[in-house]
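Below is protein07.tsv, holding TSV, C-alpha atoms.
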chain	number	residue	atom	x	y	z
W	1068	MET	CA	-16.29	9.29	16.64
W	1069	THR	CA	-12.57	8.74	16.15
W	1070	SER	CA	-11.47	5.93	13.85
W	1071	ARG	CA	-8.01	4.46	13.40
W	1072	VAL	CA	-6.87	2.94	10.12
W	1073	MET	CA	-3.48	1.23	10.33
W	1074	MET	CA	-2.05	0.52	6.87
W	1075	ILE	CA	0.72	-2.06	6.53
W	1076	SER	CA	2.75	-2.30	3.32
W	1077	PRO	CA	3.63	-5.81	2.11
W	1078	ALA	CA	6.96	-7.41	2.88
W	1079	ILE	CA	9.76	-7.55	0.31
W	1080	SER	CA	9.33	-9.50	-2.93
W	1081	ALA	CA	11.35	-10.00	-6.10
W	1082	ALA	CA	9.23	-7.36	-7.85
W	1083	LEU	CA	10.09	-4.78	-5.19
W	1084	ARG	CA	13.78	-5.64	-5.29
W	1085	GLU	CA	13.83	-5.24	-9.08
W	1086	ALA	CA	11.73	-2.02	-9.10
W	1087	ARG	CA	9.23	-3.93	-11.23
W	1088	PHE	CA	5.52	-3.21	-11.48
W	1089	ASP	CA	3.81	-6.00	-9.58
W	1090	ASP	CA	2.47	-8.89	-11.62
W	1091	GLY	CA	1.30	-11.19	-8.85
W	1092	CYS	CA	4.81	-11.86	-7.55
W	1093	PRO	CA	4.83	-13.61	-4.13
W	1094	LEU	CA	7.01	-12.68	-1.19
W	1095	ASP	CA	10.59	-13.89	-1.31
W	1096	ALA	CA	12.05	-15.94	1.55
W	1097	THR	CA	13.47	-12.89	3.33
W	1098	GLY	CA	10.20	-10.99	3.12
W	1099	ALA	CA	8.17	-13.92	4.40
W	1100	ALA	CA	10.56	-14.46	7.31
W	1101	ARG	CA	10.44	-10.79	8.31
W	1102	ALA	CA	6.66	-10.78	8.19
W	1103	ARG	CA	6.49	-13.90	10.36
W	1104	SER	CA	8.88	-12.34	12.87
W	1105	ALA	CA	6.54	-9.36	13.19
W	1106	ALA	CA	3.49	-11.50	13.98
W	1107	GLY	CA	2.00	-10.53	17.32
W	1108	SER	CA	3.49	-7.02	17.29
W	1109	LEU	CA	0.28	-5.31	16.21
W	1110	PRO	CA	-2.28	-3.84	18.60
W	1111	ALA	CA	-5.74	-5.37	18.78
W	1112	ALA	CA	-7.99	-4.56	15.82
W	1113	GLN	CA	-11.68	-5.00	15.24
W	1114	ARG	CA	-11.32	-5.48	11.48
W	1115	VAL	CA	-8.63	-6.59	9.04
W	1116	LEU	CA	-8.62	-5.68	5.33
W	1117	VAL	CA	-6.25	-7.14	2.74
W	1118	SER	CA	-5.50	-6.05	-0.84
W	1119	PRO	CA	-5.98	-8.89	-3.35
W	1120	THR	CA	-2.36	-9.26	-4.53
W	1121	ALA	CA	-0.28	-12.31	-3.61
W	1122	ARG	CA	2.26	-10.28	-1.66
W	1123	CYS	CA	-0.44	-8.61	0.47
W	1124	ARG	CA	-2.29	-11.87	1.12
W	1125	GLU	CA	0.95	-13.64	2.05
W	1126	THR	CA	2.03	-10.77	4.32
W	1127	ALA	CA	-1.33	-10.85	6.08
W	1128	SER	CA	-1.09	-14.61	6.51
W	1129	ALA	CA	2.45	-14.39	7.91
W	1130	LEU	CA	1.25	-11.75	10.38
W	1131	GLY	CA	-1.42	-14.14	11.62
W	1132	PHE	CA	-4.47	-12.84	9.73
W	1133	ASP	CA	-5.16	-16.18	8.06
W	1134	GLY	CA	-8.28	-17.35	9.81
W	1135	THR	CA	-6.89	-17.40	13.33
W	1136	PHE	CA	-7.75	-13.71	13.79
W	1137	ASP	CA	-10.73	-13.21	16.09
W	1138	GLY	CA	-12.62	-10.79	13.88
W	1139	THR	CA	-13.51	-10.14	10.25
W	1140	VAL	CA	-11.10	-10.24	7.31
W	1141	GLU	CA	-12.32	-8.33	4.27
W	1142	SER	CA	-11.01	-7.07	0.94
W	1143	ALA	CA	-9.04	-3.82	0.80
W	1144	PRO	CA	-8.66	-1.74	-2.39
W	1145	ALA	CA	-6.52	-3.14	-5.17
W	1146	GLY	CA	-3.35	-1.32	-6.13
W	1147	LEU	CA	-2.86	0.99	-9.09
W	1148	ASP	CA	-3.74	-0.61	-12.43
W	1149	VAL	CA	-0.68	0.04	-14.61
W	1150	GLY	CA	-2.16	-1.58	-17.69
W	1151	GLY	CA	0.43	-2.70	-20.23
W	1152	TRP	CA	3.33	-1.92	-17.89
W	1153	ARG	CA	2.40	-4.71	-15.50
W	1154	GLY	CA	5.39	-6.95	-14.79
W	1155	ARG	CA	7.93	-4.61	-16.42
W	1156	THR	CA	10.62	-2.60	-14.69
W	1157	LEU	CA	10.39	1.18	-14.68
W	1158	ALA	CA	13.81	1.33	-16.33
W	1159	ASP	CA	12.63	-0.91	-19.17
W	1160	VAL	CA	9.47	1.13	-19.75
W	1161	SER	CA	11.46	4.38	-19.57
W	1162	ALA	CA	13.84	3.11	-22.24
W	1163	ASP	CA	10.99	2.11	-24.56
W	1164	ALA	CA	8.64	5.02	-23.94
W	1165	PRO	CA	10.39	7.89	-22.16
W	1166	GLU	CA	7.75	10.47	-23.12
W	1167	ALA	CA	4.94	8.28	-21.76
W	1168	VAL	CA	6.75	7.79	-18.46
W	1169	ALA	CA	7.50	11.51	-18.19
W	1170	LEU	CA	3.82	12.32	-18.81
W	1171	TRP	CA	2.72	9.75	-16.23
W	1172	LEU	CA	5.01	11.20	-13.58
W	1173	ALA	CA	4.09	14.82	-14.33
W	1174	ASP	CA	0.33	14.64	-14.90
W	1175	PRO	CA	-1.78	12.81	-12.27
W	1176	THR	CA	-4.69	12.56	-14.72
W	1177	SER	CA	-2.68	10.67	-17.35
W	1178	ALA	CA	-2.62	6.90	-17.86
W	1179	PRO	CA	-0.39	6.21	-20.87
W	1180	HIS	CA	-0.12	2.56	-19.85
W	1181	GLY	CA	-3.84	2.08	-20.54
W	1182	GLY	CA	-4.74	1.50	-16.90
W	1183	GLU	CA	-5.70	3.83	-14.07
W	1184	SER	CA	-4.42	7.36	-13.49
W	1185	VAL	CA	-3.03	8.54	-10.16
W	1186	HIS	CA	-6.00	10.92	-9.92
W	1187	GLN	CA	-8.44	8.03	-10.32
W	1188	LEU	CA	-6.55	6.02	-7.70
W	1189	CYS	CA	-6.62	8.92	-5.22
W	1190	GLU	CA	-10.36	9.37	-5.75
W	1191	ARG	CA	-10.99	5.66	-5.23
W	1192	VAL	CA	-8.88	5.46	-2.08
W	1193	ALA	CA	-10.40	8.66	-0.66
W	1194	ALA	CA	-13.88	7.16	-0.96
W	1195	TRP	CA	-12.66	3.98	0.75
W	1196	LEU	CA	-10.99	5.93	3.56
W	1197	ASP	CA	-14.18	7.92	4.18
W	1198	GLU	CA	-16.08	4.64	4.35
W	1199	ALA	CA	-13.51	3.21	6.76
W	1200	ALA	CA	-14.02	6.23	8.99
W	1201	GLN	CA	-17.55	5.04	9.68
W	1202	PHE	CA	-16.23	1.89	11.33
W	1203	PRO	CA	-15.64	2.29	15.09
W	1204	GLY	CA	-12.35	1.17	16.59
W	1205	ARG	CA	-9.18	0.13	14.78
W	1206	THR	CA	-8.92	-1.21	11.25
W	1207	VAL	CA	-5.73	-2.92	10.09
W	1208	ALA	CA	-5.26	-2.95	6.31
W	1209	VAL	CA	-2.45	-4.79	4.51
W	1210	VAL	CA	-2.33	-2.80	1.28
W	1211	GLU	CA	-0.15	-1.96	-1.68
W	1212	PRO	CA	2.29	0.97	-1.23
W	1213	GLU	CA	0.39	3.13	-3.69
W	1214	ILE	CA	-2.77	2.78	-1.58
W	1215	VAL	CA	-0.85	4.27	1.35
W	1216	ARG	CA	0.45	7.09	-0.87
W	1217	ALA	CA	-3.01	7.90	-2.21
W	1218	ALA	CA	-4.50	7.84	1.30
W	1219	ALA	CA	-1.82	10.23	2.52
W	1220	VAL	CA	-2.45	12.64	-0.35
W	1221	ARG	CA	-6.18	12.76	0.26
W	1222	ALA	CA	-6.11	12.64	4.07
W	1223	LEU	CA	-3.66	15.55	4.31
W	1224	GLY	CA	-5.12	17.58	1.46
W	1225	ALA	CA	-1.83	17.45	-0.45
W	1226	PRO	CA	-1.65	18.15	-4.22
W	1227	GLU	CA	-1.74	14.97	-6.28
W	1228	PRO	CA	1.85	15.35	-7.62
W	1229	ALA	CA	2.94	14.78	-3.99
W	1230	PHE	CA	1.98	11.13	-4.56
W	1231	TRP	CA	5.44	10.54	-6.05
W	1232	ARG	CA	7.22	12.15	-3.09
W	1233	ILE	CA	5.95	9.69	-0.49
W	1234	ASP	CA	8.17	6.67	0.18
W	1235	VAL	CA	6.52	3.55	1.58
W	1236	PRO	CA	9.17	0.92	2.47
W	1237	PRO	CA	8.14	-2.73	2.83
W	1238	LEU	CA	6.57	-3.91	6.08
W	1239	THR	CA	6.02	-0.47	7.55
W	1240	VAL	CA	2.97	1.01	9.27
W	1241	THR	CA	1.22	4.24	8.35
W	1242	GLU	CA	-1.65	5.10	10.68
W	1243	PHE	CA	-4.51	7.52	10.08
W	1244	SER	CA	-6.60	8.61	13.03
W	1245	GLY	CA	-9.58	10.91	13.08
W	1246	ARG	CA	-12.68	11.01	10.96
W	1247	ALA	CA	-13.74	11.62	7.37
W	1248	GLY	CA	-12.45	15.00	6.23
W	1249	ARG	CA	-10.05	15.42	9.14
W	1250	TRP	CA	-7.21	12.95	9.64
W	1251	ASN	CA	-3.89	12.92	11.45
W	1252	ALA	CA	-1.16	10.65	10.09
W	1253	THR	CA	1.85	8.82	11.48
W	1254	PHE	CA	4.19	7.63	8.73
W	1255	GLY	CA	6.60	4.82	8.09
W	1256	ARG	CA	7.08	3.02	11.41
W	1257	PRO	CA	8.89	-0.32	10.83
W	1258	LEU	CA	6.74	-3.25	11.88
W	1259	GLY	CA	8.11	-5.65	14.47
W	1260	HIS	CA	11.62	-6.77	13.59
W	1261	ALA	CA	11.62	-5.29	10.08
W	1262	GLU	CA	14.01	-2.50	11.03
W	1263	GLY	CA	17.20	-2.15	9.03
W	1264	GLY	CA	18.44	-4.40	6.26
W	1265	ASP	CA	17.43	-4.39	2.61
W	1266	GLN	CA	14.04	-2.66	2.47
W	1267	GLY	CA	14.00	-2.29	-1.30
W	1268	SER	CA	11.93	0.27	-3.20
W	1269	SER	CA	8.18	0.63	-3.49
W	1270	HIS	CA	6.11	0.32	-6.69

Rewrite the coordinates I just gave you, this time as structure tokens.
Amino acid sequence: MTSRVMMISPAISAALREARFDDGCPLDATGAARARSAAGSLPAAQRVLVSPTARCRETASALGFDGTFDGTVESAPAGLDVGGWRGRTLADVSADAPEAVALWLADPTSAPHGGESVHQLCERVAAWLDEAAQFPGRTVAVVEPEIVRAAAVRALGAPEPAFWRIDVPPLTVTEFSGRAGRWNATFGRPLGHAEGGDQGSSH
């Protein structure tokens, strides 16, 4: 059985523009407008999953997955728990604790912020992806950028430090097709009319 899992990163928000660890920040006006313009551009799906953050929920709603979707809408994995760094910019944390940031970026098993390590995230997402592979047909998941990164690392058998080398711009599609233990991936296709313009960075 071949499954398809289409992951959509959330549209732009103030947190993304400021390279700030998400703290529940909603989409900004530009991000919401771009997501609305992309509504109707997705292929039919049998299931929709949405990460619990405001920006993922609002992106899903703007895309039309707000109760009008003829199917099931379920919870997708939450993003990386960055503990005490939540809501802060990477530059600010780097200025205050450069050694902690360096450790975090170099060692996937470290969590100097008191939250979740990249290794733990990759393990959690791998288990979810294997579970998703049991669902026939296409799954659309509006998820945090780090969920897409972790899925790519595990699906392709890449070393965990590769997590930091995967860029996931806002409102782009990464699709995994195959089955548990053997996936093909298509990366970074802009969704609908999201091409060009200020895409921001991904945290």

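Each of W:Ala1112, W:Leu1172, W:Pro1203, W:Pro1237 was checked against Arg1084 of chain W using only C-alpha atoms; the smallest atom-to-atom distance is that of W:Pro1237.
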
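The closest residue to Pro1093 of chain W, picked from W:Ser1161, W:Thr1069, W:Thr1253, W:Thr1126 and counting all atoms listed in the file, is W:Thr1126.
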
Selection: 9 Å around Arg1191 of chain W, all atoms listed in the file, excl. self and same-chain fewer than 4 positions, as a ChimeraX atom specification: /W:1144,1186-1187,1195-1196,1217

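Of the residues under consideration (W:Arg1114, W:Arg1249, W:Arg1122, W:Arg1071), W:Arg1122 shows the shortest atom-to-atom contact distance to Pro1212 of chain W when counting all atoms listed in the file.
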
What are the closest atom pairs, with distances in Å to one decimal, for each residue of segment 1222-1264 of chain W lying within 9 Å of segment 1077-1082 of chain W, using only C-alpha atoms, rows by chain and rising residue number, as a tab-separated table?
residue	atom	partner	partner_atom	distance
W:Pro1236	CA	W:Ala1078	CA	8.6
W:Pro1237	CA	W:Ala1078	CA	4.8
W:Leu1238	CA	W:Ala1078	CA	4.8
W:Thr1239	CA	W:Pro1077	CA	8.0
W:Ala1261	CA	W:Ala1078	CA	8.8

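Closest approach to Met1074 of chain W among W:Glu1242, W:Cys1123, W:Val1235, W:Ala1252 is made by W:Glu1242 (distances from all atoms listed in the file).
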
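For the pair atom CA of Pro1228 of chain W and atom CA of Asp1174 of chain W, the separation is 7.5 Å.
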